[in-house]
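Chemist: The following file, entry.pdb, comprises PDB, C-alpha atoms:
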```pdb
ATOM      1  CA  MET A  67     -53.421 -90.228 -70.038
ATOM      2  CA  ARG A  68     -50.083 -91.040 -71.669
ATOM      3  CA  ARG A  69     -51.851 -92.291 -74.758
ATOM      4  CA  LEU A  70     -53.906 -89.084 -75.009
ATOM      5  CA  ALA A  71     -50.757 -87.010 -74.538
ATOM      6  CA  ALA A  72     -49.055 -88.989 -77.318
ATOM      7  CA  VAL A  73     -52.006 -88.385 -79.663
ATOM      8  CA  VAL A  74     -51.920 -84.642 -78.923
ATOM      9  CA  LEU A  75     -48.145 -84.554 -79.399
ATOM     10  CA  TRP A  76     -48.136 -86.427 -82.706
ATOM     11  CA  GLY A  77     -51.311 -84.685 -83.955
ATOM     12  CA  GLY A  78     -49.749 -81.294 -83.297
ATOM     13  CA  ALA A  79     -46.456 -82.331 -84.845
ATOM     14  CA  ALA A  80     -48.260 -83.610 -87.937
ATOM     15  CA  GLY A  81     -50.203 -80.318 -88.194
ATOM     16  CA  THR A  82     -46.995 -78.286 -88.274
ATOM     17  CA  GLN A  83     -45.826 -80.318 -91.272
ATOM     18  CA  LEU A  84     -49.069 -81.078 -93.090
ATOM     19  CA  LEU A  85     -50.701 -77.655 -93.117
ATOM     20  CA  PRO A  86     -47.869 -75.890 -95.009
ATOM     21  CA  LEU A  87     -47.514 -78.971 -97.233
ATOM     22  CA  ALA A  88     -51.241 -78.952 -98.085
ATOM     23  CA  ALA A  89     -51.022 -75.224 -98.800
ATOM     24  CA  ALA A  90     -48.020 -75.792-101.057
ATOM     25  CA  VAL A  91     -49.908 -78.490-103.005
ATOM     26  CA  VAL A  92     -52.964 -76.237-103.457
ATOM     27  CA  VAL A  93     -50.716 -73.399-104.601
ATOM     28  CA  ALA A  94     -48.840 -75.641-107.051
ATOM     29  CA  ILE A  95     -52.112 -76.824-108.580
ATOM     30  CA  GLY A  96     -54.196 -73.648-108.742
ATOM     31  CA  ALA A  97     -52.138 -70.448-108.453
ATOM     32  CA  ARG A  98     -52.178 -67.870-111.252
ATOM     33  CA  HIS A  99     -50.320 -64.563-111.382
ATOM     34  CA  VAL A 100     -52.889 -62.012-112.509
ATOM     35  CA  THR A 101     -53.792 -58.351-112.474
ATOM     36  CA  PRO A 102     -57.188 -58.155-110.768
ATOM     37  CA  VAL A 103     -59.467 -55.628-112.410
ATOM     38  CA  LYS A 104     -62.797 -54.267-111.235
ATOM     39  CA  PRO A 105     -64.486 -54.302-114.615
ATOM     40  CA  HIS A 106     -66.024 -51.312-116.363
ATOM     41  CA  ALA A 107     -69.420 -51.639-118.013
ATOM     42  CA  PRO A 108     -69.131 -53.023-121.583
ATOM     43  CA  GLU A 109     -70.058 -49.601-123.040
ATOM     44  CA  MET A 110     -67.151 -48.007-121.166
ATOM     45  CA  VAL A 111     -64.749 -50.710-122.365
ATOM     46  CA  SER A 112     -65.814 -50.182-125.968
ATOM     47  CA  LEU A 113     -65.262 -46.412-125.775
ATOM     48  CA  ASN A 114     -61.980 -46.811-123.877
ATOM     49  CA  ARG A 115     -60.767 -49.026-126.703
ATOM     50  CA  ASP A 116     -61.762 -46.337-129.237
ATOM     51  CA  ILE A 117     -59.593 -43.706-127.540
ATOM     52  CA  TRP A 118     -56.729 -45.930-126.401
ATOM     53  CA  SER A 119     -53.336 -45.334-128.000
ATOM     54  CA  HIS A 120     -50.043 -47.210-127.707
ATOM     55  CA  GLY A 121     -48.117 -46.463-124.542
ATOM     56  CA  GLU A 122     -51.230 -45.969-122.418
ATOM     57  CA  PRO A 123     -52.057 -48.491-119.669
ATOM     58  CA  VAL A 124     -53.861 -51.481-121.147
ATOM     59  CA  ALA A 125     -55.611 -52.810-118.032
ATOM     60  CA  ASP A 126     -57.407 -49.467-117.657
ATOM     61  CA  ILE A 127     -59.350 -50.155-120.845
ATOM     62  CA  TYR A 128     -61.110 -53.036-119.093
ATOM     63  CA  GLY A 129     -61.508 -51.686-115.587
ATOM     64  CA  ASN A 130     -59.719 -50.312-112.550
ATOM     65  CA  PRO A 131     -56.677 -52.529-112.001
ATOM     66  CA  SER A 132     -55.162 -53.287-108.615
ATOM     67  CA  ALA A 133     -51.675 -54.555-107.783
ATOM     68  CA  ARG A 134     -50.591 -57.737-109.587
ATOM     69  CA  GLN A 135     -50.952 -60.749-107.316
ATOM     70  CA  TRP A 136     -51.176 -64.542-107.073
ATOM     71  CA  VAL A 137     -54.701 -65.884-106.828
ATOM     72  CA  LEU A 138     -56.043 -69.423-106.527
ATOM     73  CA  PHE A 139     -58.401 -71.163-108.918
ATOM     74  CA  PRO A 140     -59.639 -68.036-110.718
ATOM     75  CA  PRO A 141     -62.677 -68.767-112.922
ATOM     76  CA  ARG A 142     -61.439 -69.275-116.489
ATOM     77  CA  GLU A 143     -64.286 -67.200-117.931
ATOM     78  CA  ASN A 144     -63.054 -64.170-115.972
ATOM     79  CA  LEU A 145     -59.447 -64.355-117.226
ATOM     80  CA  VAL A 146     -58.671 -62.045-120.135
ATOM     81  CA  VAL A 147     -55.462 -61.776-122.131
ATOM     82  CA  PRO A 148     -55.891 -58.385-123.816
ATOM     83  CA  PRO A 149     -54.938 -58.242-127.499
ATOM     84  CA  GLU A 150     -53.363 -54.831-126.825
ATOM     85  CA  ASP A 151     -50.762 -56.521-124.546
ATOM     86  CA  PRO A 152     -50.749 -60.338-124.573
ATOM     87  CA  SER A 153     -48.158 -60.437-121.782
ATOM     88  CA  LEU A 154     -50.886 -59.425-119.325
ATOM     89  CA  THR A 155     -53.444 -61.692-117.698
ATOM     90  CA  LEU A 156     -56.352 -59.749-116.293
ATOM     91  CA  LEU A 157     -58.809 -61.193-113.817
ATOM     92  CA  LEU A 158     -62.115 -59.413-114.299
ATOM     93  CA  ALA A 159     -63.897 -59.933-111.038
ATOM     94  CA  THR A 160     -66.475 -58.118-109.010
ATOM     95  CA  ASP A 161     -65.767 -60.236-105.934
ATOM     96  CA  ASN A 162     -62.413 -60.600-104.223
ATOM     97  CA  PRO A 163     -60.635 -63.712-105.501
ATOM     98  CA  LEU A 164     -58.989 -66.209-103.127
ATOM     99  CA  GLN A 165     -55.437 -64.960-102.725
ATOM    100  CA  LEU A 166     -52.256 -66.903-102.191
ATOM    101  CA  GLN A 167     -51.498 -64.562 -99.302
ATOM    102  CA  THR A 168     -54.673 -65.764 -97.528
ATOM    103  CA  VAL A 169     -53.741 -69.441 -97.873
ATOM    104  CA  TRP A 170     -50.216 -68.871 -96.525
ATOM    105  CA  PHE A 171     -51.616 -66.727 -93.725
ATOM    106  CA  PHE A 172     -53.893 -69.497 -92.468
ATOM    107  CA  ALA A 173     -51.324 -72.239 -93.133
ATOM    108  CA  GLY A 174     -48.725 -70.283 -91.147
ATOM    109  CA  TRP A 175     -50.991 -69.614 -88.198
ATOM    110  CA  GLY A 176     -52.367 -73.172 -88.354
ATOM    111  CA  ALA A 177     -48.827 -74.575 -88.229
ATOM    112  CA  ALA A 178     -47.951 -72.280 -85.326
ATOM    113  CA  ALA A 179     -51.081 -73.382 -83.430
ATOM    114  CA  SER A 180     -50.228 -77.024 -84.167
ATOM    115  CA  ALA A 181     -46.726 -76.480 -82.773
ATOM    116  CA  VAL A 182     -48.231 -75.123 -79.557
ATOM    117  CA  VAL A 183     -50.548 -78.147 -79.351
ATOM    118  CA  ALA A 184     -47.565 -80.462 -79.943
ATOM    119  CA  LEU A 185     -45.601 -78.739 -77.164
ATOM    120  CA  LEU A 186     -48.552 -79.097 -74.787
ATOM    121  CA  GLY A 187     -48.852 -82.787 -75.743
ATOM    122  CA  GLY A 188     -45.117 -83.227 -75.150
ATOM    123  CA  ALA A 189     -45.357 -81.569 -71.754
ATOM    124  CA  LEU A 190     -48.338 -83.734 -70.833
ATOM    125  CA  TYR A 191     -46.509 -86.868 -71.991
ATOM    126  CA  TRP A 192     -43.505 -85.934 -69.886
ATOM    127  CA  VAL A 193     -45.683 -85.335 -66.797
ATOM    128  CA  ALA A 194     -47.625 -88.592 -67.317
ATOM    129  CA  ARG A 195     -44.594 -90.833 -67.966
TER     130      ARG A 195
ATOM    131  CA  MET B 134     -67.641   4.395-122.199
ATOM    132  CA  ILE B 135     -70.251   2.510-124.220
ATOM    133  CA  ARG B 136     -67.475   0.916-126.244
ATOM    134  CA  THR B 137     -65.768  -0.302-123.040
ATOM    135  CA  ALA B 138     -69.015  -1.684-121.657
ATOM    136  CA  LEU B 139     -69.673  -3.500-124.930
ATOM    137  CA  ALA B 140     -66.145  -4.927-124.939
ATOM    138  CA  LEU B 141     -66.562  -6.135-121.348
ATOM    139  CA  ALA B 142     -69.950  -7.690-122.137
ATOM    140  CA  LEU B 143     -68.436  -9.422-125.175
ATOM    141  CA  MET B 144     -65.527 -10.724-123.102
ATOM    142  CA  ALA B 145     -67.898 -12.015-120.428
ATOM    143  CA  ALA B 146     -70.061 -13.728-123.046
ATOM    144  CA  THR B 147     -67.008 -15.334-124.673
ATOM    145  CA  ALA B 148     -65.728 -16.536-121.306
ATOM    146  CA  ALA B 149     -69.117 -18.013-120.445
ATOM    147  CA  ALA B 150     -69.261 -19.739-123.800
ATOM    148  CA  GLN B 151     -65.858 -21.333-123.269
ATOM    149  CA  GLU B 152     -66.695 -22.861-119.926
ATOM    150  CA  GLU B 153     -68.434 -26.198-120.134
ATOM    151  CA  THR B 154     -70.033 -28.236-117.380
ATOM    152  CA  PHE B 155     -69.790 -32.013-117.474
ATOM    153  CA  TRP B 156     -72.113 -33.934-115.174
ATOM    154  CA  VAL B 157     -71.213 -37.145-113.388
ATOM    155  CA  GLY B 158     -73.730 -39.802-112.371
ATOM    156  CA  HIS B 159     -76.090 -40.350-115.313
ATOM    157  CA  SER B 160     -75.789 -44.100-114.857
ATOM    158  CA  ASP B 161     -73.925 -46.737-112.815
ATOM    159  CA  LYS B 162     -72.384 -47.866-116.095
ATOM    160  CA  LEU B 163     -70.350 -44.662-116.271
ATOM    161  CA  VAL B 164     -68.741 -44.802-112.837
ATOM    162  CA  ASN B 165     -66.057 -47.132-111.487
ATOM    163  CA  ILE B 166     -64.330 -46.194-108.249
ATOM    164  CA  THR B 167     -62.049 -48.614-106.415
ATOM    165  CA  PHE B 168     -60.266 -48.377-103.081
ATOM    166  CA  GLU B 169     -57.468 -50.739-102.175
ATOM    167  CA  ALA B 170     -55.470 -51.572 -99.058
ATOM    168  CA  HIS B 171     -53.330 -54.413 -97.863
ATOM    169  CA  ALA B 172     -54.131 -56.439 -94.790
ATOM    170  CA  ASP B 173     -52.293 -59.399 -93.256
ATOM    171  CA  ILE B 174     -54.915 -61.815 -94.521
ATOM    172  CA  GLU B 175     -55.462 -60.386 -98.009
ATOM    173  CA  SER B 176     -55.380 -57.343-100.231
ATOM    174  CA  ILE B 177     -58.771 -55.692 -99.955
ATOM    175  CA  VAL B 178     -60.264 -54.079-103.038
ATOM    176  CA  GLY B 179     -63.573 -52.340-102.597
ATOM    177  CA  HIS B 180     -65.576 -50.511-105.179
ATOM    178  CA  THR B 181     -68.628 -48.465-106.005
ATOM    179  CA  MET B 182     -70.419 -47.513-109.185
ATOM    180  CA  LYS B 183     -72.341 -44.636-107.642
ATOM    181  CA  ALA B 184     -71.132 -41.054-107.730
ATOM    182  CA  THR B 185     -72.563 -37.698-108.648
ATOM    183  CA  GLY B 186     -70.958 -34.387-109.351
ATOM    184  CA  GLU B 187     -69.859 -31.863-111.882
ATOM    185  CA  ILE B 188     -66.684 -30.920-113.685
ATOM    186  CA  ARG B 189     -66.455 -27.381-115.037
ATOM    187  CA  MET B 190     -63.830 -26.827-117.679
ATOM    188  CA  ASP B 191     -62.550 -23.859-119.576
ATOM    189  CA  ALA B 192     -60.321 -25.410-122.202
ATOM    190  CA  ALA B 193     -59.007 -22.082-123.488
ATOM    191  CA  ARG B 194     -57.963 -20.799-120.083
ATOM    192  CA  GLU B 195     -57.051 -24.282-118.794
ATOM    193  CA  THR B 196     -59.017 -23.739-115.616
ATOM    194  CA  GLY B 197     -62.045 -25.325-114.059
ATOM    195  CA  SER B 198     -63.460 -26.984-110.986
ATOM    196  CA  VAL B 199     -64.388 -30.454-109.845
ATOM    197  CA  SER B 200     -66.917 -31.635-107.312
ATOM    198  CA  ILE B 201     -67.663 -35.336-106.748
ATOM    199  CA  THR B 202     -69.789 -37.039-104.083
ATOM    200  CA  VAL B 203     -69.922 -40.760-103.282
ATOM    201  CA  PRO B 204     -72.515 -42.304-100.949
ATOM    202  CA  VAL B 205     -70.883 -44.545 -98.305
ATOM    203  CA  ARG B 206     -73.880 -46.907 -98.411
ATOM    204  CA  GLU B 207     -73.000 -47.890-102.002
ATOM    205  CA  MET B 208     -69.387 -48.858-101.249
ATOM    206  CA  THR B 209     -68.732 -52.586-101.128
ATOM    207  CA  THR B 210     -65.720 -54.776-100.389
ATOM    208  CA  GLY B 211     -67.015 -58.105-101.671
ATOM    209  CA  ILE B 212     -67.854 -59.460 -98.198
ATOM    210  CA  LYS B 213     -71.154 -58.471 -96.595
ATOM    211  CA  LEU B 214     -69.916 -58.645 -92.995
ATOM    212  CA  ARG B 215     -66.882 -56.519 -93.851
ATOM    213  CA  ASP B 216     -69.183 -53.981 -95.554
ATOM    214  CA  GLU B 217     -71.197 -53.724 -92.344
ATOM    215  CA  HIS B 218     -67.982 -53.113 -90.390
ATOM    216  CA  MET B 219     -66.857 -50.480 -92.900
ATOM    217  CA  ARG B 220     -70.133 -48.557 -92.538
ATOM    218  CA  SER B 221     -70.313 -48.936 -88.756
ATOM    219  CA  ALA B 222     -69.524 -46.248 -86.177
ATOM    220  CA  GLY B 223     -66.023 -47.653 -85.643
ATOM    221  CA  TRP B 224     -65.062 -46.983 -89.250
ATOM    222  CA  LEU B 225     -66.814 -44.654 -91.726
ATOM    223  CA  ASP B 226     -69.937 -44.172 -89.564
ATOM    224  CA  GLU B 227     -72.383 -44.023 -92.433
ATOM    225  CA  ALA B 228     -75.282 -43.085 -90.136
ATOM    226  CA  LYS B 229     -73.577 -39.759 -89.305
ATOM    227  CA  PHE B 230     -71.450 -39.202 -92.401
ATOM    228  CA  ALA B 231     -73.381 -40.566 -95.339
ATOM    229  CA  GLU B 232     -71.154 -39.162 -98.083
ATOM    230  CA  ILE B 233     -67.532 -38.851 -99.099
ATOM    231  CA  SER B 234     -66.780 -35.860-101.265
ATOM    232  CA  PHE B 235     -64.070 -33.980-103.083
ATOM    233  CA  THR B 236     -64.348 -30.300-103.965
ATOM    234  CA  SER B 237     -61.554 -28.619-105.856
ATOM    235  CA  LYS B 238     -59.992 -25.282-104.919
ATOM    236  CA  LYS B 239     -57.266 -25.024-107.529
ATOM    237  CA  ILE B 240     -56.562 -26.664-110.877
ATOM    238  CA  GLU B 241     -53.256 -26.494-112.728
ATOM    239  CA  LYS B 242     -52.306 -28.075-116.007
ATOM    240  CA  VAL B 243     -49.388 -30.498-115.732
ATOM    241  CA  LYS B 244     -46.472 -29.076-117.705
ATOM    242  CA  ASP B 245     -45.798 -30.791-121.040
ATOM    243  CA  ALA B 246     -48.561 -33.326-120.461
ATOM    244  CA  ARG B 247     -51.650 -33.331-122.630
ATOM    245  CA  ASP B 248     -54.967 -33.525-120.786
ATOM    246  CA  ARG B 249     -53.380 -33.948-117.347
ATOM    247  CA  PHE B 250     -54.156 -31.647-114.449
ATOM    248  CA  THR B 251     -53.146 -31.305-110.836
ATOM    249  CA  VAL B 252     -56.250 -30.678-108.778
ATOM    250  CA  THR B 253     -56.013 -29.482-105.194
ATOM    251  CA  GLY B 254     -59.105 -29.521-103.050
ATOM    252  CA  ASP B 255     -60.863 -30.698 -99.940
ATOM    253  CA  PHE B 256     -61.384 -34.427 -99.573
ATOM    254  CA  THR B 257     -64.046 -34.962 -96.929
ATOM    255  CA  MET B 258     -64.546 -38.348 -95.285
ATOM    256  CA  HIS B 259     -65.988 -39.231 -91.887
ATOM    257  CA  GLY B 260     -66.893 -35.562 -91.548
ATOM    258  CA  VAL B 261     -63.256 -34.432 -91.686
ATOM    259  CA  ALA B 262     -62.013 -32.360 -94.632
ATOM    260  CA  ARG B 263     -58.338 -32.523 -95.633
ATOM    261  CA  GLU B 264     -56.609 -30.703 -98.432
ATOM    262  CA  THR B 265     -55.562 -33.281-101.006
ATOM    263  CA  THR B 266     -53.770 -32.991-104.333
ATOM    264  CA  VAL B 267     -54.865 -35.349-107.044
ATOM    265  CA  GLU B 268     -53.463 -35.911-110.511
ATOM    266  CA  VAL B 269     -56.290 -36.107-112.975
ATOM    267  CA  ALA B 270     -56.383 -37.145-116.621
ATOM    268  CA  MET B 271     -59.209 -35.991-118.847
ATOM    269  CA  LYS B 272     -59.787 -37.265-122.343
ATOM    270  CA  ALA B 273     -62.513 -36.337-124.804
ATOM    271  CA  LEU B 274     -64.557 -39.199-126.188
ATOM    272  CA  PRO B 275     -65.639 -39.492-129.829
ATOM    273  CA  ALA B 276     -68.642 -37.470-130.985
ATOM    274  CA  ASP B 277     -70.899 -40.539-131.064
ATOM    275  CA  ALA B 278     -70.121 -41.440-127.429
ATOM    276  CA  SER B 279     -73.439 -40.074-126.146
ATOM    277  CA  LYS B 280     -75.316 -42.304-128.548
ATOM    278  CA  LYS B 281     -73.275 -45.372-127.575
ATOM    279  CA  LEU B 282     -73.879 -44.652-123.899
ATOM    280  CA  MET B 283     -77.575 -43.945-124.514
ATOM    281  CA  LEU B 284     -77.239 -40.436-123.109
ATOM    282  CA  PRO B 285     -78.909 -37.259-124.352
ATOM    283  CA  ASP B 286     -76.813 -35.397-126.942
ATOM    284  CA  GLY B 287     -73.711 -33.731-125.599
ATOM    285  CA  LYS B 288     -69.970 -33.985-125.271
ATOM    286  CA  VAL B 289     -68.525 -36.779-123.139
ATOM    287  CA  ILE B 290     -65.153 -36.895-121.376
ATOM    288  CA  ARG B 291     -63.353 -39.607-119.454
ATOM    289  CA  PHE B 292     -62.055 -38.451-116.105
ATOM    290  CA  THR B 293     -59.518 -40.614-114.260
ATOM    291  CA  ALA B 294     -57.805 -39.899-110.965
ATOM    292  CA  GLU B 295     -55.597 -41.778-108.539
ATOM    293  CA  PHE B 296     -54.700 -40.738-105.038
ATOM    294  CA  SER B 297     -54.032 -42.040-101.528
ATOM    295  CA  VAL B 298     -56.095 -41.471 -98.423
ATOM    296  CA  LYS B 299     -54.913 -41.997 -94.866
ATOM    297  CA  LEU B 300     -57.781 -43.087 -92.626
ATOM    298  CA  SER B 301     -56.094 -41.476 -89.614
ATOM    299  CA  ASP B 302     -56.206 -38.076 -91.391
ATOM    300  CA  HIS B 303     -59.985 -38.302 -91.266
ATOM    301  CA  GLY B 304     -60.414 -39.448 -87.690
ATOM    302  CA  VAL B 305     -60.844 -43.137 -88.558
ATOM    303  CA  LYS B 306     -58.741 -45.299 -86.298
ATOM    304  CA  VAL B 307     -57.686 -48.708 -87.596
ATOM    305  CA  PRO B 308     -58.401 -51.121 -84.713
ATOM    306  CA  ASP B 309     -55.270 -52.426 -82.974
ATOM    307  CA  MET B 310     -55.212 -56.106 -83.782
ATOM    308  CA  ALA B 311     -52.307 -58.473 -83.535
ATOM    309  CA  VAL B 312     -53.575 -60.433 -86.514
ATOM    310  CA  GLY B 313     -55.380 -59.334 -89.666
ATOM    311  CA  LYS B 314     -54.479 -55.666 -89.288
ATOM    312  CA  VAL B 315     -55.587 -53.394 -92.124
ATOM    313  CA  GLU B 316     -53.295 -50.683 -93.530
ATOM    314  CA  ASN B 317     -54.002 -47.073 -92.670
ATOM    315  CA  GLU B 318     -53.353 -45.845 -96.212
ATOM    316  CA  TRP B 319     -55.797 -46.642 -99.008
ATOM    317  CA  LYS B 320     -55.282 -46.187-102.736
ATOM    318  CA  VAL B 321     -58.258 -44.758-104.586
ATOM    319  CA  LYS B 322     -58.785 -44.920-108.333
ATOM    320  CA  MET B 323     -61.670 -43.235-110.131
ATOM    321  CA  THR B 324     -62.788 -43.686-113.712
ATOM    322  CA  LEU B 325     -65.792 -41.569-114.607
ATOM    323  CA  PHE B 326     -67.521 -40.722-117.856
ATOM    324  CA  ALA B 327     -69.049 -37.261-117.607
ATOM    325  CA  SER B 328     -71.423 -35.662-120.075
ATOM    326  CA  THR B 329     -72.554 -32.121-120.837
ATOM    327  CA  ALA B 330     -76.084 -33.548-120.875
ATOM    328  CA  LYS B 331     -77.694 -32.464-117.612
ATOM    329  CA  LEU B 332     -78.521 -35.053-114.986
ATOM    330  CA  PRO B 333     -82.222 -35.890-114.790
ATOM    331  CA  GLU B 334     -83.995 -34.084-111.958
ATOM    332  CA  LYS B 335     -84.428 -36.162-108.792
ATOM    333  CA  LYS B 336     -88.061 -36.922-108.017
TER     334      LYS B 336
END
```
How would this structure read if it were set down as C-alpha cells?
Modeler:
Amino acid sequence: MRRLAAVVLWGGAAGTQLLPLAAAVVVAIGARHVTPVKPHAPEMVSLNRDIWSHGEPVADIYGNPSARQWVLFPPRENLVVPPEDPSLTLLLATDNPLQLQTVWFFAGWGAAASAVVALLGGALYWVAR
Amino acid sequence: MIRTALALALMAATAAAQEETFWVGHSDKLVNITFEAHADIESIVGHTMKATGEIRMDAARETGSVSITVPVREMTTGIKLRDEHMRSAGWLDEAKFAEISFTSKKIEKVKDARDRFTVTGDFTMHGVARETTVEVAMKALPADASKKLMLPDGKVIRFTAEFSVKLSDHGVKVPDMAVGKVENEWKVKMTLFASTAKLPEKK
C-alpha cells in the first residue's frame, strides 16, 4: 500500500513537471507565428492580384485571414510569404492547424490533474505510513 | 401634359438603365465566407463556399440593395463532430432553420471613401432577425474577369464585408461549460465575386 502510494505521489509530481516541459520542447521545435488564411480559389487570387494596390490588405488577396497566431508544425507547402509584403507569413489551410493555445491548454490541465493525483498519493502515503 | 409624361418616362428609363443587378453564387470558386471565435482550447475558424443572392446597384445615385443567403448545412469548422454540434438543435438547429440570410434595408456611401458603403439590414440566423450594420467594400473587376472566371459575359464586382454576430442575439445559447467554453461573439468575413450574368435556373 505504501509502495503504491509512493508511485502515485511521484508519478503525479513528475506529471506536474514533465507535461509543461514536454509542451515547451514541442513549442520550441515546431511553433511558427503565422496569419491563417482560408484560401480563395486560384481564379479569385489571380483577379485579386490584378486589382490590388499598395496600402490595401495583402492577406486578403489570398483568402480570408483570421487573427495572427502561433501554430505547431504547419505544413511547409501551405506557408506563403507574399511578394506584396514579405514580412507576412500566411498559412493557407482549409483545416484548422494545431495551435499553441491548444497545447498549453492540455499541458496546463494535465499538470493540474497530475498535481491532484500527487496530493492523493501523498495523502495515501501519510495514511499508510 | 404629353411633354411631362415623356419626360417622366425618359427619367424612369434612365433610372432603370443605371441600376445593375449582380448575382452571387455562380460557383463555389467565387464565394469565401469565414466565421471566427475564440474558445479556451483553440481559435475556431469555420467557413463555407456556398452562398446565393443578389446585389442591386445604382452607381449614379449611390443606392442599392443586398440580399445574401447561406445554407447552414454547407458551413464547416474543420472537425466533423463539431460540425454536427453546430448544426444540432442546441446550436443553429439546421433542421428547423436551414438558412442564414442578410437582407438590406438601407445603404449609405461612406464619406470620403471610394467604393465603401454602410449597409443596414436584417441578419437572420436561427430564425431570429436582428438589425445589423455592415461595412461593405465593392470593387469592379477588369473587363476580362468573366472570361477568367469562366462565366457568361457580364460585369463582375468583388464584394467584401466584415461584421460581428452575437449568438445570444439570435436565441443561440452557448452551453455553460467550465472548460472549453466558446465565445458568444463571432467575427464574420465575406468575400464574394458577383456577376451581372444571371444565375442558371435551378432544375
Chemist: Residues at most 7 Å from Phe168 in chain B, counting only C-alpha atoms, excluding those fewer than 5 positions away in the same chain, as an MDAnalysis selection string?
Modeler: chainID B and resid 178:180 319:322
Chemist: One decimal, Å: what's the distance from CA of Gly77 in chain A over to CA of Thr168 in chain A, could you say?
Modeler: 23.5 Å
Chemist: Choose the residue, out of B:Val298, B:Val205, B:Val315, B:Met182, that has the smallest atom-to-atom separation from chain A; count only C-alpha atoms.
Modeler: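 Counting only C-alpha atoms, the residue closest to chain A is B:Met182.
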Chemist: Rank A:Ala80, A:Val124, A:Val137, A:Val92 by their smallest atom-to-atom distance to chain B, using only C-alpha atoms, and report the top residue only.
Modeler: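 For chain B, the nearest of the candidates is A:Val137.
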Chemist: Suppose a student applies the ChimeraX specification (/A :<10) & /B to this structure; what residues should they get, written as number ranges by chain?
Modeler: B: 161-170, 172-182, 209-212, 272-275, 277-278, 281-283, 291, 293, 312-313, 320-326
Chemist: Could you complete range 119-133 of chain A so that it carries N, CA and C atoms, and give it back as a PDB file, in the frame of the given file?
Modeler:
```
ATOM      1  N   SER A 119     -54.460 -45.370-127.051  1.00  0.00           N
ATOM      2  CA  SER A 119     -53.336 -45.334-128.000  1.00  0.00           C
ATOM      3  C   SER A 119     -52.124 -45.999-127.348  1.00  0.00           C
ATOM      4  N   HIS A 120     -51.216 -46.475-128.193  1.00  0.00           N
ATOM      5  CA  HIS A 120     -50.043 -47.210-127.707  1.00  0.00           C
ATOM      6  C   HIS A 120     -49.285 -46.412-126.646  1.00  0.00           C
ATOM      7  N   GLY A 121     -48.857 -47.122-125.624  1.00  0.00           N
ATOM      8  CA  GLY A 121     -48.117 -46.463-124.542  1.00  0.00           C
ATOM      9  C   GLY A 121     -49.000 -46.195-123.336  1.00  0.00           C
ATOM     10  N   GLU A 122     -50.310 -46.195-123.551  1.00  0.00           N
ATOM     11  CA  GLU A 122     -51.230 -45.969-122.418  1.00  0.00           C
ATOM     12  C   GLU A 122     -51.487 -47.299-121.704  1.00  0.00           C
ATOM     13  N   PRO A 123     -51.831 -47.242-120.401  1.00  0.00           N
ATOM     14  CA  PRO A 123     -52.057 -48.491-119.669  1.00  0.00           C
ATOM     15  C   PRO A 123     -53.177 -49.328-120.311  1.00  0.00           C
ATOM     16  N   VAL A 124     -52.907 -50.605-120.460  1.00  0.00           N
ATOM     17  CA  VAL A 124     -53.861 -51.481-121.147  1.00  0.00           C
ATOM     18  C   VAL A 124     -54.979 -51.938-120.203  1.00  0.00           C
ATOM     19  N   ALA A 125     -54.603 -52.280-118.966  1.00  0.00           N
ATOM     20  CA  ALA A 125     -55.611 -52.810-118.032  1.00  0.00           C
ATOM     21  C   ALA A 125     -56.738 -51.799-117.814  1.00  0.00           C
ATOM     22  N   ASP A 126     -56.408 -50.514-117.903  1.00  0.00           N
ATOM     23  CA  ASP A 126     -57.407 -49.467-117.657  1.00  0.00           C
ATOM     24  C   ASP A 126     -58.529 -49.455-118.695  1.00  0.00           C
ATOM     25  N   ILE A 127     -58.286 -50.049-119.835  1.00  0.00           N
ATOM     26  CA  ILE A 127     -59.350 -50.155-120.845  1.00  0.00           C
ATOM     27  C   ILE A 127     -60.499 -50.977-120.265  1.00  0.00           C
ATOM     28  N   TYR A 128     -60.134 -52.038-119.528  1.00  0.00           N
ATOM     29  CA  TYR A 128     -61.110 -53.036-119.093  1.00  0.00           C
ATOM     30  C   TYR A 128     -61.729 -52.735-117.723  1.00  0.00           C
ATOM     31  N   GLY A 129     -60.992 -51.981-116.917  1.00  0.00           N
ATOM     32  CA  GLY A 129     -61.508 -51.686-115.587  1.00  0.00           C
ATOM     33  C   GLY A 129     -60.462 -50.975-114.753  1.00  0.00           C
ATOM     34  N   ASN A 130     -60.709 -50.903-113.459  1.00  0.00           N
ATOM     35  CA  ASN A 130     -59.719 -50.312-112.550  1.00  0.00           C
ATOM     36  C   ASN A 130     -58.818 -51.429-112.033  1.00  0.00           C
ATOM     37  N   PRO A 131     -57.556 -51.438-112.436  1.00  0.00           N
ATOM     38  CA  PRO A 131     -56.677 -52.529-112.001  1.00  0.00           C
ATOM     39  C   PRO A 131     -56.142 -52.296-110.594  1.00  0.00           C
ATOM     40  N   SER A 132     -55.874 -53.395-109.890  1.00  0.00           N
ATOM     41  CA  SER A 132     -55.162 -53.287-108.615  1.00  0.00           C
ATOM     42  C   SER A 132     -53.818 -53.998-108.764  1.00  0.00           C
ATOM     43  N   ALA A 133     -53.035 -54.016-107.693  1.00  0.00           N
ATOM     44  CA  ALA A 133     -51.675 -54.555-107.783  1.00  0.00           C
ATOM     45  C   ALA A 133     -51.690 -56.025-108.237  1.00  0.00           C
TER      46      ALA A 133
END
```
